[in-house]
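Data first, discussion second: the structure below is written as structure tokens.
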Amino acid sequence: MELNLNEIPRVKNISKEEFLKKYFIPQKPVVIENLIEDWPAYQKWNLEYIDKLAGDREVPLFDDRPINSEYKFNEPHAKMKMKEYIHLLKSGPTNYRIFLYNILKEVPVLQDDFKYPEIGLKLLKKLPFLFFGGAKSKVFMHYDIDYANILHFHFSGEKQCILFPPSETKYLYKIPHALISHQGIDFLNPDLEKWPALRYAKGYITNLKHGEALYMPEGYWHQMTYLTPGFSMSIRAMPRSILNLNKAMYNLVVMRHFDNLMRKIRGEKWMLYKNKKAIKKTHKKNSIS
């Protein structure tokens with residue numbers, strides 16, 4: 001039995017009015033296929049171009065090891081030169097990814113290659129980030145700490161995106177005091193006997209190709225798998241609702257600091273406790289024995 005996933009709606013182009021009415025206000029995802037065809041990045045951005053401009057930069061790398069008491073959510077597992085990393089990507093499948101690479105700070109000239117789409121979002125213009133991944137590398141199921149509305153643009157290759165709206169959180173084995181689902185779940189091939197609550201979760205799926213843009217509403221769970229080597233850029237907008245803004249402030253000011261403190265105090269015992277709690281709480285909510 002597979003997950004209950006519908007294809008994310010696709011449009012070639014979209015007006016500001018249509019985007020707000022059909023997707024932003026009701027908080028529904030959409031893929032916009034031709035949103036950035038007038039960007040220089042649409043023609044120029046590939047791995048060779050990034051190598052040329054940023055090859056000598058040292059970049060932080062993340063693999064797919066489970067989060068534990070030693071490494072925080074955003075703490076890198078290794079570092080290497082961008083040129084070495086791109087060579088690694090081209091050599092074959094690798095688990096190493098680049099996460100939240102700030103292009104404004106590191107390679108300012110790349111700012112000339114894109115612009116901020118005028119589709120009704122109040123985009124944060126100091127926070128565009130790049131994400132790189134090798135073939136078969138994946139990002140575990142999570143939602144973003146700031147509950148942002150996200151425009152996610154993909155370049156050079158293809159990646160698969162699985163999304164779940166916040167309403168499905170009760171089925172996703174959310175880890176307490178964290179932004180992730182239980183890392184024992186393989187969302188590409190889930191064992192629904194072991195994780196029975198997933199049977200009830202209703203989500204979305206799509207494959208993004210070069211130049212396509214995915215709108216992810218605030219608080220949406222997402223899991224990404226790179227089908228080929230490639231990279232993406234995300235631009236963010238603040239949460240539209242006061243409730244989600246308050247949740248974001250709680251996550252930033254309270255939750256992550258409490259979790260880091262408990263990791264220091266209890267180490268792996270804290271991580272094991274949270275994993276067990278996620279299963280127990282999810283099954284209790286859904287009357288699963």
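Residues are named by chain letter and number: chains run A, B, ... in the order of the structure tokens, numbers start at 1 in each chain, and ligands are numbered from 1 in the order shown.
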
For range 21-110 of chain A versus range 226-235 of chain A, which residues have an atom no more than 9 Å away, and what is each residue's nearest atom pair and distance in Å rounded to one decimal, using only C-alpha atoms, chain-then-number order, as a Markdown table?
```
| residue | atom | partner | partner_atom | distance |
| --- | --- | --- | --- | --- |
| A:Asn46 | CA | A:Gly230 | CA | 7.8 |
| A:Leu47 | CA | A:Gly230 | CA | 7.2 |
| A:Ile86 | CA | A:Pro229 | CA | 8.9 |
| A:Leu89 | CA | A:Pro229 | CA | 5.9 |
| A:Lys90 | CA | A:Pro229 | CA | 7.1 |
| A:Gly92 | CA | A:Pro229 | CA | 8.6 |
| A:Pro93 | CA | A:Pro229 | CA | 8.0 |
| A:Thr94 | CA | A:Pro229 | CA | 9.0 |
| A:Ile98 | CA | A:Phe231 | CA | 8.8 |
| A:Leu100 | CA | A:Ser234 | CA | 8.8 |
```

### Query
Looking only at the backbone, which of the residues in range 19-48 of chain A does DSSP tag as alpha helix (DSSP H), as number ranges by chain?
A: 19, 40-44, 47-48

### Message
Need the shell around range 165-177 of chain A: protein/DNA/RNA residues with any atom at most 10 Å away, counting only C-alpha atoms. Skip same-chain ones fewer than 4 positions apart. Format as JSON, numbers by chain?
### Response
{"A": [27, 28, 29, 141, 142, 143, 181, 182, 183, 184, 185, 195, 196, 197, 198, 199, 200, 201, 202, 203, 204, 216, 217, 218, 219, 220, 221, 222, 251, 254, 255, 256, 257, 258, 259, 260, 271, 273, 274, 275, 276, 277, 278, 279, 280, 281, 282, 283, 284, 285, 286]}

#### Entry: Option closest in space to Arg10 in chain A, from A:Asn244, A:Ser156, A:Gln223, A:Thr206 [counting only C-alpha atoms]
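For Arg10 in chain A, the nearest of the candidates is A:Thr206.
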
Show me a table, sorted first by chain and then by increasing residue number, of the residues of range 124-183 of chain A having an atom at most 10 Å from range 30-36 of chain A, each with its shortest atom pair and the distance in Å to one decimal, counting only C-alpha atoms and written as a tab-separated table.
```
residue	atom	partner	partner_atom	distance
A:Leu151	CA	A:Val31	CA	9.5
A:His152	CA	A:Val31	CA	9.3
A:Phe153	CA	A:Ile36	CA	8.6
```

### Query
If you run DSSP on the backbone, which residues of range 115-282 of chain A are strand (DSSP E), as a ChimeraX atom specification?
/A:129-133,138-142,149-155,158-164,202-209,213-216,221-226,230-237

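Considering the residues A:Leu3, A:Leu130, A:Leu20, A:Ile8 and counting only C-alpha atoms, Glu118 in chain A has its shortest atom-to-atom contact with A:Leu20.
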
### Task
One decimal, Å: what's the distance from CA of Lys136 in chain A over to CA of Met82 in chain A, could you say?
19.3 Å

### Query
Please, what distance in Å, to one decimal, runs between CA of Ile205 in chain A and CA of Glu2 in chain A?
12.4 Å

### Summary
Residue with the minimum atom-to-atom distance to Phe132 in chain A, picked from A:Arg97, A:Lys247, A:Lys159, A:Lys105 with only C-alpha atoms counted, is A:Arg97

### Task
Show which residues sit within 10 Å of Ala54 in chain A, as a PyMOL selection string. Count only C-alpha atoms, and ignore same-chain residues fewer than 6 positions away.
chain A and resi 48+81-83+103+106-107+110

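Distance check against Val11 in chain A using only C-alpha atoms: of A:Thr225, A:Leu127, A:His77, A:Tyr23, the minimum falls on A:Tyr23.
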
### Task
Kindly indicate which residue among A:Tyr147, A:Gly157, A:Met224, A:Asp113 lies nearest to Ile242 in chain A, using only C-alpha atoms for the distances.
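Among A:Tyr147, A:Gly157, A:Met224, A:Asp113, it is A:Tyr147 that comes nearest to Ile242 in chain A.
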